[in-house]
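A short worksheet on the structure shown next.
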Amino acid sequence: MKIRAIALNTFKEATRNKIYYLLIFFGIFFVLSSKLVTLLTIGDHVKVLKDLGLASINFFSVLIAIFTGIDLVYKEIERKTIYNILSKPISRSCFIIGKFFGLALTLFVALISMVVMFFLFMLLFSGELDVRILVYFILLYFELLIITSISLLFSSISTPILSSVFTISLYLIGHVIWTFNEFKDKIVNPIIKIISYILYYTLPNLEKFNIKNSIVMNIDIDIGMILSSICYAIFYIAALLILTILIFNKREFQ
Amino acid sequence: MKAIEIKGLEKTFTSNFLLKKYKVLKDINISIEKGEIYGFLGPNGAGKTTTIKCMLGLISFDSGESLIYGKDSKSIEGREKIGFLPEHPYFYDYLTAKELLIFSGMLFSIPIKKVMNKAKYLLELVGLEGKEDLKLKKFSKGMIQRLGFAQTLINDPEIIILDEPFSGLDPIGRKELRDLIISLKKSGKTIFFSSHILQDMEMIVDTVGIILEGKTIKQGKLSDLISHSVQYHEVVFRGVDESLLKSNNIGFELKDNNYITKSKDFEKVNHIIEFIIMNHGKIISVTPFKMTLEDIFLEEINR
């Protein structure tokens with residue numbers, strides 16, 4: 001019940017924030033404006049439409065994940081609302097877990113709003129529904145949960161500006177880290193090699209959640225790969241939450 | 001068993017720069033009986049808020065003990081019994097008054113239905129009826145303070161901790177708060193509050209603890225601290241010849257055609273009164289001037 005209270009309050013806070021609606025609005029706007037782009041391009045319009053729709057939903061949902069997460073805990077400390085919560089019989093771990101679930105709910109509602117618009121639009125335009133796209137969105141959701149856990153961690157230890165810099169950096173690194181795979185084996189210096197291995201396995205590998213090419217190109221999706229990506233997300237999020245709780249437990253609210 | 005017991009509390013902060021250490025709490029000792037109103041008195045920066053934060057587990061402490069009915073006050077179990085109002089409370093301005101109280105109640109695992117009824121009752125108690133659905137961003141400072149008090153009582157706490165509750169309140173607000181604190185005491189609650197506003201404290205507390213530079217320097221029943229401290233009696237009278245007073249060595253001042261004489265010696269005061277009556281004078285008033293909490297406080301601080 002206590003986690004639920006924190007989660008619902010976090011959801012309320014995020015959804016009563018104007019930025020949230022603005023981002024959803026822009027997400028939907030971009031999905032719709034893809035129609036315009038199809039008029040200006042030659043070739044498979046459905047493919048272009050899918051491509052642009054998925055890219056814009058991806059972009060705006062990531063923005064929501066970063067910007068609703070980065071100042072969430074920081075703001076509680078800065079505005080001293082945290083005194084009111086942590087003086088009540090609630091553990092700090094419950095507080096962090098509640099915050100995470102509140103953000104997860106916020107992202108879920110934002111993503112669903114955009115996805116529903118996207119499906120309706122695709123149905124009207126092409127007259128067909130590619131349910132495989134749903135798999136893309138499920139994986140995107142898990143990616144968003146990893147991003148939100150990262151922003152929650154930074155929000156617990158740093159200011160919103162630094163948190164956003166760190167989170168965006170990790171997001172970008174997360175999408176190119178796979179290129180490190182071959183590179184790390186070619187390093188000769190043992191120390192740098194060890195560091196490269198540690199970085200490769202600890203930094204988030206967000207490309208695991210990107211199946212956009214398979215969807216747009218109509219290539220078969222590997223179910224095993226999807227399940228392993230989901231498991232990866234769950235373990236990664238759990239590890240991030242544990243780390244956040246450990247740091248948060250040590251914090252002093254002067 | 002004591003409602004609140006703090007023994008030898010010590011706390012050191014480390015500054016972010018140069019890692020310089022400074023001890024804020026050096027030896028805090030507090031002992032509060034069930035059903036008491038305890039005033040925690042000290043100048044700004046003495047460590048009042050830090051002590052409260054240590055009690056609630058918002059910050060850790062180096063050594064000492066902080067107990068609520070014999071249990072660690074920082075534990076979840078300890079905090080179940082507490083209602084806390086921070087100084088200048090801040091709440092989520094996107095919530096309505098009712099939503100805030102429901103949220104607070106949920107953190108105590110109170111069933112929704114029960115907490116909704118309780119919220120209604122508490123909003124009436126603090127004079128915010130009709131404001132249930134108003135967003136907190138539209139609340140004035142005084143209204144926020146009242147709402148803060150309402151959320152403090154949401155779990156029907158046995159112990160109520162208030163950090164500087166009188167600061168920022170107007171005279172009417174202070175009177176209402178005093179009345180509320182007294183009514184809570186009557187219903188069996190233990191109230192612990194910090195303040196540097198001595199008048200309010202003197203009017204309602206049973207026990208006072210004075211701290212200075214992180215140390216408890218005095219603690220005791222207000223009645224004990226004050227009753228032993230009648231400083232002098234003032235007798236105001238008229239109708240006695242001035243030369244008679246001088247010849248009997250009775251010192252006086254003349255004000256508005258009245259004589260005023262002061263004495264620390266109670267026997268001498270009796271003697272003066274008899275003298276006035278015997279000489280057909282008229283006594284206007286006899287006033288004992290007791291030591292106020294302010295005098296005690298200043299005396300302790302200057303010691």
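Letters A, B, ... mark the chains of the structure tokens in the order given; residue numbers begin at 1 per chain; ligand numbers begin at 1, in order shown.
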Can you list every residue of chain B that has an atom at most 6 Å from chain A, with its nearest atom pair and the distance in Å to one decimal, using only C-alpha atoms, ordered by chain then number, as a Markdown table?
```
| residue | atom | partner | partner_atom | distance |
| --- | --- | --- | --- | --- |
| B:Leu56 | CA | A:Ser87 | CA | 5.5 |
| B:Leu58 | CA | A:Phe253 | CA | 5.5 |
| B:Ile59 | CA | A:Glu252 | CA | 4.7 |
| B:Ile76 | CA | A:Pro89 | CA | 4.6 |
| B:Arg79 | CA | A:Pro89 | CA | 5.1 |
| B:Glu80 | CA | A:Pro89 | CA | 5.3 |
| B:Tyr90 | CA | A:Thr81 | CA | 5.5 |
| B:Phe91 | CA | A:Thr81 | CA | 5.6 |
| B:Met106 | CA | A:Ala5 | CA | 6.0 |
| B:Leu107 | CA | A:Lys2 | CA | 4.9 |
```
Using only C-alpha atoms, determine which residues lie at most 10 Å from Lys99 (chain A), disregarding the query and same-chain residues fewer than 4 positions distant; provide the list as a ChimeraX atom specification. /A:3-11,69,72-73,93-95,103-105,149,152
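Proximity to Leu184 (chain B) was assessed for B:Glu36, B:Tyr121, B:Glu132, B:Met1 counting only C-alpha atoms; the smallest distance is recorded for B:Glu36.
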Could you pull out the helix (DSSP H, G or I) residues of region 29-97 of chain A, going by DSSP on the backbone, and write them as an mmCIF file with N, CA and C atoms, in the first residue's frame?
```cif
data_model
loop_
_atom_site.group_PDB
_atom_site.id
_atom_site.type_symbol
_atom_site.label_atom_id
_atom_site.label_comp_id
_atom_site.auth_asym_id
_atom_site.auth_seq_id
_atom_site.Cartn_x
_atom_site.Cartn_y
_atom_site.Cartn_z
ATOM 1 N N PHE A 29 1.787 14.431 -32.868
ATOM 2 C CA PHE A 29 1.926 15.369 -33.990
ATOM 3 C C PHE A 29 2.919 14.828 -35.034
ATOM 4 N N PHE A 30 4.006 14.282 -34.542
ATOM 5 C CA PHE A 30 5.021 13.763 -35.472
ATOM 6 C C PHE A 30 4.538 12.514 -36.198
ATOM 7 N N VAL A 31 3.773 11.681 -35.470
ATOM 8 C CA VAL A 31 3.224 10.494 -36.125
ATOM 9 C C VAL A 31 2.336 10.956 -37.277
ATOM 10 N N LEU A 32 1.506 11.940 -36.980
ATOM 11 C CA LEU A 32 0.576 12.417 -38.001
ATOM 12 C C LEU A 32 1.302 13.140 -39.147
ATOM 13 N N SER A 33 2.344 13.867 -38.812
ATOM 14 C CA SER A 33 3.031 14.625 -39.860
ATOM 15 C C SER A 33 3.833 13.710 -40.784
ATOM 16 N N SER A 34 4.008 12.441 -40.357
ATOM 17 C CA SER A 34 4.703 11.510 -41.258
ATOM 18 C C SER A 34 3.920 11.358 -42.559
ATOM 19 N N LYS A 35 2.598 11.558 -42.453
ATOM 20 C CA LYS A 35 1.729 11.477 -43.636
ATOM 21 C C LYS A 35 2.222 12.471 -44.698
ATOM 22 N N LEU A 36 2.583 13.642 -44.202
ATOM 23 C CA LEU A 36 3.059 14.683 -45.113
ATOM 24 C C LEU A 36 4.343 14.230 -45.800
ATOM 25 N N VAL A 37 5.204 13.602 -45.016
ATOM 26 C CA VAL A 37 6.488 13.145 -45.557
ATOM 27 C C VAL A 37 6.269 12.108 -46.660
ATOM 28 N N THR A 38 5.282 11.242 -46.463
ATOM 29 C CA THR A 38 5.032 10.207 -47.474
ATOM 30 C C THR A 38 4.622 10.843 -48.805
ATOM 31 N N LEU A 39 4.002 11.989 -48.740
ATOM 32 C CA LEU A 39 3.602 12.677 -49.984
ATOM 33 C C LEU A 39 4.828 13.194 -50.738
ATOM 34 N N LEU A 40 5.875 13.447 -49.988
ATOM 35 C CA LEU A 40 7.069 14.028 -50.593
ATOM 36 C C LEU A 40 8.118 12.979 -50.971
ATOM 37 N N HIS A 45 5.302 3.778 -49.387
ATOM 38 C CA HIS A 45 4.847 4.766 -48.415
ATOM 39 C C HIS A 45 4.564 4.178 -47.057
ATOM 40 N N VAL A 46 4.021 2.950 -47.030
ATOM 41 C CA VAL A 46 3.719 2.308 -45.736
ATOM 42 C C VAL A 46 5.005 2.129 -44.938
ATOM 43 N N LYS A 47 6.060 1.748 -45.632
ATOM 44 C CA LYS A 47 7.347 1.537 -44.966
ATOM 45 C C LYS A 47 7.881 2.853 -44.381
ATOM 46 N N VAL A 48 7.773 3.908 -45.184
ATOM 47 C CA VAL A 48 8.260 5.228 -44.723
ATOM 48 C C VAL A 48 7.453 5.690 -43.507
ATOM 49 N N LEU A 49 6.153 5.446 -43.628
ATOM 50 C CA LEU A 49 5.251 5.842 -42.553
ATOM 51 C C LEU A 49 5.570 5.120 -41.238
ATOM 52 N N LYS A 50 5.764 3.810 -41.373
ATOM 53 C CA LYS A 50 6.111 2.995 -40.196
ATOM 54 C C LYS A 50 7.413 3.515 -39.581
ATOM 55 N N ASP A 51 8.380 3.712 -40.464
ATOM 56 C CA ASP A 51 9.701 4.128 -40.030
ATOM 57 C C ASP A 51 9.642 5.441 -39.250
ATOM 58 N N LEU A 52 8.965 6.405 -39.827
ATOM 59 C CA LEU A 52 8.882 7.715 -39.185
ATOM 60 C C LEU A 52 8.052 7.671 -37.898
ATOM 61 N N GLY A 53 6.965 6.936 -37.959
ATOM 62 C CA GLY A 53 6.076 6.812 -36.788
ATOM 63 C C GLY A 53 6.825 6.220 -35.606
ATOM 64 N N LEU A 54 7.517 5.108 -35.863
ATOM 65 C CA LEU A 54 8.256 4.434 -34.784
ATOM 66 C C LEU A 54 9.369 5.340 -34.257
ATOM 67 N N ALA A 55 10.056 6.016 -35.179
ATOM 68 C CA ALA A 55 11.170 6.879 -34.752
ATOM 69 C C ALA A 55 10.671 8.020 -33.882
ATOM 70 N N SER A 56 9.537 8.610 -34.287
ATOM 71 C CA SER A 56 9.064 9.757 -33.488
ATOM 72 C C SER A 56 8.534 9.312 -32.131
ATOM 73 N N ILE A 57 7.852 8.165 -32.089
ATOM 74 C CA ILE A 57 7.374 7.672 -30.778
ATOM 75 C C ILE A 57 8.573 7.357 -29.888
ATOM 76 N N ASN A 58 9.580 6.726 -30.507
ATOM 77 C CA ASN A 58 10.787 6.398 -29.760
ATOM 78 C C ASN A 58 11.415 7.669 -29.174
ATOM 79 N N PHE A 59 11.580 8.667 -30.015
ATOM 80 C CA PHE A 59 12.243 9.907 -29.597
ATOM 81 C C PHE A 59 11.493 10.585 -28.443
ATOM 82 N N PHE A 60 10.183 10.727 -28.612
ATOM 83 C CA PHE A 60 9.429 11.464 -27.586
ATOM 84 C C PHE A 60 9.231 10.664 -26.302
ATOM 85 N N SER A 61 9.107 9.354 -26.427
ATOM 86 C CA SER A 61 8.962 8.582 -25.185
ATOM 87 C C SER A 61 10.279 8.584 -24.401
ATOM 88 N N VAL A 62 11.410 8.590 -25.113
ATOM 89 C CA VAL A 62 12.707 8.666 -24.417
ATOM 90 C C VAL A 62 12.832 10.025 -23.717
ATOM 91 N N LEU A 63 12.393 11.069 -24.403
ATOM 92 C CA LEU A 63 12.422 12.399 -23.765
ATOM 93 C C LEU A 63 11.586 12.409 -22.487
ATOM 94 N N ILE A 64 10.397 11.809 -22.545
ATOM 95 C CA ILE A 64 9.536 11.756 -21.343
ATOM 96 C C ILE A 64 10.250 10.976 -20.239
ATOM 97 N N ALA A 65 10.851 9.848 -20.619
ATOM 98 C CA ALA A 65 11.540 9.003 -19.619
ATOM 99 C C ALA A 65 12.654 9.787 -18.932
ATOM 100 N N ILE A 66 13.409 10.540 -19.722
ATOM 101 C CA ILE A 66 14.535 11.278 -19.126
ATOM 102 C C ILE A 66 14.027 12.453 -18.284
ATOM 103 N N PHE A 67 13.136 13.244 -18.874
ATOM 104 C CA PHE A 67 12.785 14.498 -18.198
ATOM 105 C C PHE A 67 11.770 14.371 -17.064
ATOM 106 N N THR A 68 11.040 13.283 -16.993
ATOM 107 C CA THR A 68 10.186 13.127 -15.804
ATOM 108 C C THR A 68 11.004 12.493 -14.673
ATOM 109 N N GLY A 69 12.049 11.756 -15.040
ATOM 110 C CA GLY A 69 12.837 11.053 -14.010
ATOM 111 C C GLY A 69 13.905 11.900 -13.352
ATOM 112 N N LEU A 72 12.942 14.106 -10.190
ATOM 113 C CA LEU A 72 11.897 13.587 -9.312
ATOM 114 C C LEU A 72 12.307 13.495 -7.842
ATOM 115 N N VAL A 73 13.438 12.844 -7.583
ATOM 116 C CA VAL A 73 13.891 12.710 -6.195
ATOM 117 C C VAL A 73 14.544 14.014 -5.752
ATOM 118 N N TYR A 74 15.279 14.624 -6.687
ATOM 119 C CA TYR A 74 15.963 15.880 -6.366
ATOM 120 C C TYR A 74 14.963 16.931 -5.869
ATOM 121 N N LYS A 75 13.830 17.013 -6.584
ATOM 122 C CA LYS A 75 12.812 18.010 -6.239
ATOM 123 C C LYS A 75 12.234 17.746 -4.847
ATOM 124 N N GLU A 76 12.076 16.471 -4.513
ATOM 125 C CA GLU A 76 11.545 16.117 -3.182
ATOM 126 C C GLU A 76 12.484 16.622 -2.085
ATOM 127 N N ILE A 77 13.800 16.512 -2.359
ATOM 128 C CA ILE A 77 14.775 16.934 -1.355
ATOM 129 C C ILE A 77 14.843 18.468 -1.333
ATOM 130 N N GLU A 78 14.887 19.062 -2.514
ATOM 131 C CA GLU A 78 15.013 20.506 -2.644
ATOM 132 C C GLU A 78 13.816 21.224 -2.023
ATOM 133 N N THR A 81 9.773 18.232 0.619
ATOM 134 C CA THR A 81 8.591 17.375 0.772
ATOM 135 C C THR A 81 9.013 16.005 1.282
ATOM 136 N N ILE A 82 10.288 15.699 1.103
ATOM 137 C CA ILE A 82 10.810 14.388 1.543
ATOM 138 C C ILE A 82 10.697 14.225 3.067
ATOM 139 N N TYR A 83 10.818 15.337 3.817
ATOM 140 C CA TYR A 83 10.710 15.267 5.283
ATOM 141 C C TYR A 83 9.365 14.678 5.677
ATOM 142 N N ASN A 84 8.384 15.134 4.916
ATOM 143 C CA ASN A 84 7.032 14.732 5.241
ATOM 144 C C ASN A 84 6.799 13.247 4.973
ATOM 145 N N ILE A 85 7.497 12.717 3.982
ATOM 146 C CA ILE A 85 7.313 11.307 3.629
ATOM 147 C C ILE A 85 8.168 10.419 4.537
ATOM 148 N N LEU A 86 9.458 10.727 4.616
ATOM 149 C CA LEU A 86 10.360 9.814 5.322
ATOM 150 C C LEU A 86 10.215 9.886 6.847
ATOM 151 N N ARG A 92 13.141 3.795 3.104
ATOM 152 C CA ARG A 92 13.672 4.530 1.947
ATOM 153 C C ARG A 92 13.615 3.670 0.695
ATOM 154 N N SER A 93 13.764 2.343 0.870
ATOM 155 C CA SER A 93 13.687 1.469 -0.307
ATOM 156 C C SER A 93 12.277 1.488 -0.894
ATOM 157 N N CYS A 94 11.261 1.502 -0.024
ATOM 158 C CA CYS A 94 9.866 1.597 -0.503
ATOM 159 C C CYS A 94 9.674 2.879 -1.295
ATOM 160 N N PHE A 95 10.292 3.948 -0.806
ATOM 161 C CA PHE A 95 10.164 5.246 -1.471
ATOM 162 C C PHE A 95 10.716 5.173 -2.895
ATOM 163 N N ILE A 96 11.930 4.606 -3.033
ATOM 164 C CA ILE A 96 12.571 4.521 -4.357
ATOM 165 C C ILE A 96 11.769 3.584 -5.276
ATOM 166 N N ILE A 97 11.345 2.442 -4.732
ATOM 167 C CA ILE A 97 10.590 1.488 -5.560
ATOM 168 C C ILE A 97 9.256 2.114 -5.994
#
```
For Thr292 (chain B): contacts at 10 Å, only C-alpha atoms, fewer than 3 positions along chain excluded, given as a PDB file with N, CA, C and O atoms, in the first residue's frame:
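Saved file out_8.pdb follows:
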```
ATOM      1  N   LEU B 198       8.959  32.444  23.312  1.00  0.00           N
ATOM      2  CA  LEU B 198       8.826  32.058  24.710  1.00  0.00           C
ATOM      3  C   LEU B 198       7.422  32.234  25.263  1.00  0.00           C
ATOM      4  O   LEU B 198       6.967  31.419  26.057  1.00  0.00           O
ATOM      5  N   GLN B 199       6.738  33.273  24.799  1.00  0.00           N
ATOM      6  CA  GLN B 199       5.395  33.547  25.349  1.00  0.00           C
ATOM      7  C   GLN B 199       4.465  32.359  25.135  1.00  0.00           C
ATOM      8  O   GLN B 199       3.797  31.909  26.055  1.00  0.00           O
ATOM      9  N   GLU B 202       5.448  29.393  27.276  1.00  0.00           N
ATOM     10  CA  GLU B 202       5.145  29.559  28.695  1.00  0.00           C
ATOM     11  C   GLU B 202       3.664  29.300  28.987  1.00  0.00           C
ATOM     12  O   GLU B 202       3.308  28.815  30.052  1.00  0.00           O
ATOM     13  N   LEU B 222       7.901  23.259  34.186  1.00  0.00           N
ATOM     14  CA  LEU B 222       7.832  24.725  34.125  1.00  0.00           C
ATOM     15  C   LEU B 222       7.433  25.298  35.488  1.00  0.00           C
ATOM     16  O   LEU B 222       8.006  26.289  35.953  1.00  0.00           O
ATOM     17  N   LEU B 225      10.391  25.377  37.739  1.00  0.00           N
ATOM     18  CA  LEU B 225      11.395  26.374  37.334  1.00  0.00           C
ATOM     19  C   LEU B 225      10.928  27.781  37.693  1.00  0.00           C
ATOM     20  O   LEU B 225      11.716  28.617  38.111  1.00  0.00           O
ATOM     21  N   ILE B 226       9.621  27.985  37.574  1.00  0.00           N
ATOM     22  CA  ILE B 226       9.112  29.340  37.769  1.00  0.00           C
ATOM     23  C   ILE B 226       8.689  29.622  39.219  1.00  0.00           C
ATOM     24  O   ILE B 226       8.957  30.685  39.745  1.00  0.00           O
ATOM     25  N   SER B 227       8.100  28.634  39.920  1.00  0.00           N
ATOM     26  CA  SER B 227       7.566  28.926  41.254  1.00  0.00           C
ATOM     27  C   SER B 227       8.651  29.319  42.250  1.00  0.00           C
ATOM     28  O   SER B 227       8.417  30.079  43.162  1.00  0.00           O
ATOM     29  N   SER B 229      10.938  31.120  41.646  1.00  0.00           N
ATOM     30  CA  SER B 229      11.622  32.273  41.084  1.00  0.00           C
ATOM     31  C   SER B 229      10.825  33.565  41.188  1.00  0.00           C
ATOM     32  O   SER B 229      10.920  34.411  40.315  1.00  0.00           O
ATOM     33  N   VAL B 230      10.018  33.738  42.270  1.00  0.00           N
ATOM     34  CA  VAL B 230       9.355  35.034  42.443  1.00  0.00           C
ATOM     35  C   VAL B 230      10.459  36.033  42.763  1.00  0.00           C
ATOM     36  O   VAL B 230      11.199  35.875  43.728  1.00  0.00           O
ATOM     37  N   GLN B 231      10.566  37.020  41.920  1.00  0.00           N
ATOM     38  CA  GLN B 231      11.715  37.921  42.076  1.00  0.00           C
ATOM     39  C   GLN B 231      11.460  38.980  43.140  1.00  0.00           C
ATOM     40  O   GLN B 231      12.310  39.253  43.967  1.00  0.00           O
ATOM     41  N   PHE B 289       6.047  39.596  41.264  1.00  0.00           N
ATOM     42  CA  PHE B 289       6.686  39.506  39.946  1.00  0.00           C
ATOM     43  C   PHE B 289       7.532  38.249  39.880  1.00  0.00           C
ATOM     44  O   PHE B 289       8.569  38.153  40.524  1.00  0.00           O
ATOM     45  N   ASP B 295      13.220  35.087  31.419  1.00  0.00           N
ATOM     46  CA  ASP B 295      14.294  35.369  32.379  1.00  0.00           C
ATOM     47  C   ASP B 295      15.153  34.127  32.617  1.00  0.00           C
ATOM     48  O   ASP B 295      16.374  34.203  32.667  1.00  0.00           O
ATOM     49  N   ILE B 296      14.431  32.977  32.777  1.00  0.00           N
ATOM     50  CA  ILE B 296      15.163  31.726  33.025  1.00  0.00           C
ATOM     51  C   ILE B 296      16.052  31.412  31.826  1.00  0.00           C
ATOM     52  O   ILE B 296      17.225  31.055  31.964  1.00  0.00           O
ATOM     53  N   PHE B 297      15.467  31.569  30.649  1.00  0.00           N
ATOM     54  CA  PHE B 297      16.183  31.268  29.412  1.00  0.00           C
ATOM     55  C   PHE B 297      17.432  32.145  29.289  1.00  0.00           C
ATOM     56  O   PHE B 297      18.539  31.639  29.075  1.00  0.00           O
ATOM     57  N   LEU B 298      17.244  33.449  29.497  1.00  0.00           N
ATOM     58  CA  LEU B 298      18.379  34.360  29.354  1.00  0.00           C
ATOM     59  C   LEU B 298      19.447  34.106  30.421  1.00  0.00           C
ATOM     60  O   LEU B 298      20.638  34.171  30.152  1.00  0.00           O
TER      61      LEU B 298
END
```
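Take the candidates B:Lys23, B:Lys137, B:Lys114, B:Lys71 and check each one against Ala3 (chain B) using only C-alpha atoms; the shortest distance goes to B:Lys71.
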Contact residues around Ser66 (chain B) with only C-alpha atoms at 12 Å, ignoring same-chain residues under 6 positions, as a PyMOL selection string: chain B and resi 2-10+28-32+51-57+60+72-75+78-79
Please provide as a PyMOL selection string all residues within 12 Å of Glu242 (chain B), with the sequence filter that same-chain residues fewer than 5 positions apart are discarded (counting only C-alpha atoms). chain B and resi 237+247-254+257-260+276+279+281
Save the residues we just selected, N, CA, C and O atoms, as an mmCIF file, in the first residue's frame?
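Output file result_38.cif follows:
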```
data_model
loop_
_atom_site.group_PDB
_atom_site.id
_atom_site.type_symbol
_atom_site.label_atom_id
_atom_site.label_comp_id
_atom_site.auth_asym_id
_atom_site.auth_seq_id
_atom_site.Cartn_x
_atom_site.Cartn_y
_atom_site.Cartn_z
ATOM 1 N N PHE B 237 0.164 51.911 46.508
ATOM 2 C CA PHE B 237 -0.752 52.441 47.532
ATOM 3 C C PHE B 237 -0.791 53.969 47.479
ATOM 4 O O PHE B 237 0.004 54.593 46.781
ATOM 5 N N SER B 247 10.501 58.102 57.383
ATOM 6 C CA SER B 247 10.956 57.833 58.752
ATOM 7 C C SER B 247 10.933 56.348 59.088
ATOM 8 O O SER B 247 11.630 55.888 59.984
ATOM 9 N N ASN B 248 10.130 55.577 58.403
ATOM 10 C CA ASN B 248 10.090 54.115 58.642
ATOM 11 C C ASN B 248 10.925 53.319 57.633
ATOM 12 O O ASN B 248 10.778 52.104 57.517
ATOM 13 N N ASN B 249 11.791 54.066 56.908
ATOM 14 C CA ASN B 249 12.696 53.427 55.955
ATOM 15 C C ASN B 249 11.991 52.606 54.880
ATOM 16 O O ASN B 249 12.437 51.532 54.498
ATOM 17 N N ILE B 250 10.874 53.093 54.415
ATOM 18 C CA ILE B 250 10.184 52.415 53.314
ATOM 19 C C ILE B 250 10.486 53.200 52.035
ATOM 20 O O ILE B 250 10.059 54.340 51.872
ATOM 21 N N GLY B 251 11.258 52.560 51.172
ATOM 22 C CA GLY B 251 11.617 53.200 49.907
ATOM 23 C C GLY B 251 10.421 53.238 48.968
ATOM 24 O O GLY B 251 9.569 52.342 49.026
ATOM 25 N N PHE B 252 10.331 54.246 48.149
ATOM 26 C CA PHE B 252 9.163 54.320 47.248
ATOM 27 C C PHE B 252 9.469 55.152 46.014
ATOM 28 O O PHE B 252 10.448 55.892 45.952
ATOM 29 N N GLU B 253 8.598 54.967 45.030
ATOM 30 C CA GLU B 253 8.612 55.836 43.840
ATOM 31 C C GLU B 253 7.227 56.447 43.766
ATOM 32 O O GLU B 253 6.258 55.828 44.219
ATOM 33 N N LEU B 254 7.148 57.597 43.148
ATOM 34 C CA LEU B 254 5.844 58.239 43.002
ATOM 35 C C LEU B 254 5.447 58.196 41.535
ATOM 36 O O LEU B 254 6.213 58.606 40.659
ATOM 37 N N ASN B 257 0.349 59.897 41.270
ATOM 38 C CA ASN B 257 -0.153 60.120 42.637
ATOM 39 C C ASN B 257 -0.207 58.851 43.479
ATOM 40 O O ASN B 257 -0.823 58.828 44.533
ATOM 41 N N ASN B 258 0.401 57.765 42.993
ATOM 42 C CA ASN B 258 0.470 56.527 43.777
ATOM 43 C C ASN B 258 1.918 56.285 44.187
ATOM 44 O O ASN B 258 2.843 56.644 43.466
ATOM 45 N N TYR B 259 2.072 55.665 45.347
ATOM 46 C CA TYR B 259 3.410 55.255 45.767
ATOM 47 C C TYR B 259 3.618 53.815 45.322
ATOM 48 O O TYR B 259 2.706 52.984 45.419
ATOM 49 N N ILE B 260 4.817 53.564 44.866
ATOM 50 C CA ILE B 260 5.136 52.178 44.482
ATOM 51 C C ILE B 260 6.351 51.756 45.278
ATOM 52 O O ILE B 260 7.380 52.440 45.285
ATOM 53 N N ILE B 276 0.692 50.409 56.012
ATOM 54 C CA ILE B 276 -0.191 51.261 55.185
ATOM 55 C C ILE B 276 -1.597 51.277 55.797
ATOM 56 O O ILE B 276 -2.216 52.334 55.968
ATOM 57 N N ASN B 279 -1.898 53.219 58.982
ATOM 58 C CA ASN B 279 -1.823 54.672 58.783
ATOM 59 C C ASN B 279 -2.906 55.195 57.847
ATOM 60 O O ASN B 279 -2.743 56.251 57.230
ATOM 61 N N GLY B 281 -3.901 54.365 54.987
ATOM 62 C CA GLY B 281 -3.624 54.444 53.536
ATOM 63 C C GLY B 281 -4.516 53.469 52.773
ATOM 64 O O GLY B 281 -5.213 52.634 53.370
#
```
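Using only C-alpha atoms, the residues found no farther than 12 Å from Thr49 (chain B), other than those of its own chain fewer than 6 positions away, are Tyr83, Phe253 and Gln254 of chain A; Val24, Leu25, Phe40, Leu41, Gly42, Pro43, Met55, Leu56, Leu58, Ile59, Phe84, Leu85, Pro86, Glu87, His88, Ile161, Leu162, Asp163, Glu164, Pro165, Phe193, Ser194, Ser195, His196, Ile211 and Gly214 of chain B.
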Restricting the calculation to only C-alpha atoms: of A:Ile138, A:Met122, A:Ile234, A:Ile70, which residue gets closest to Ile211 (chain A)? A:Ile138
Report as a PyMOL selection string all protein, DNA and RNA residues lying within 8 Å of Ala110 (chain A), evaluated on only C-alpha atoms, omitting residues in the same chain fewer than 3 positions from it. chain A and resi 24+61+106-107+113-114
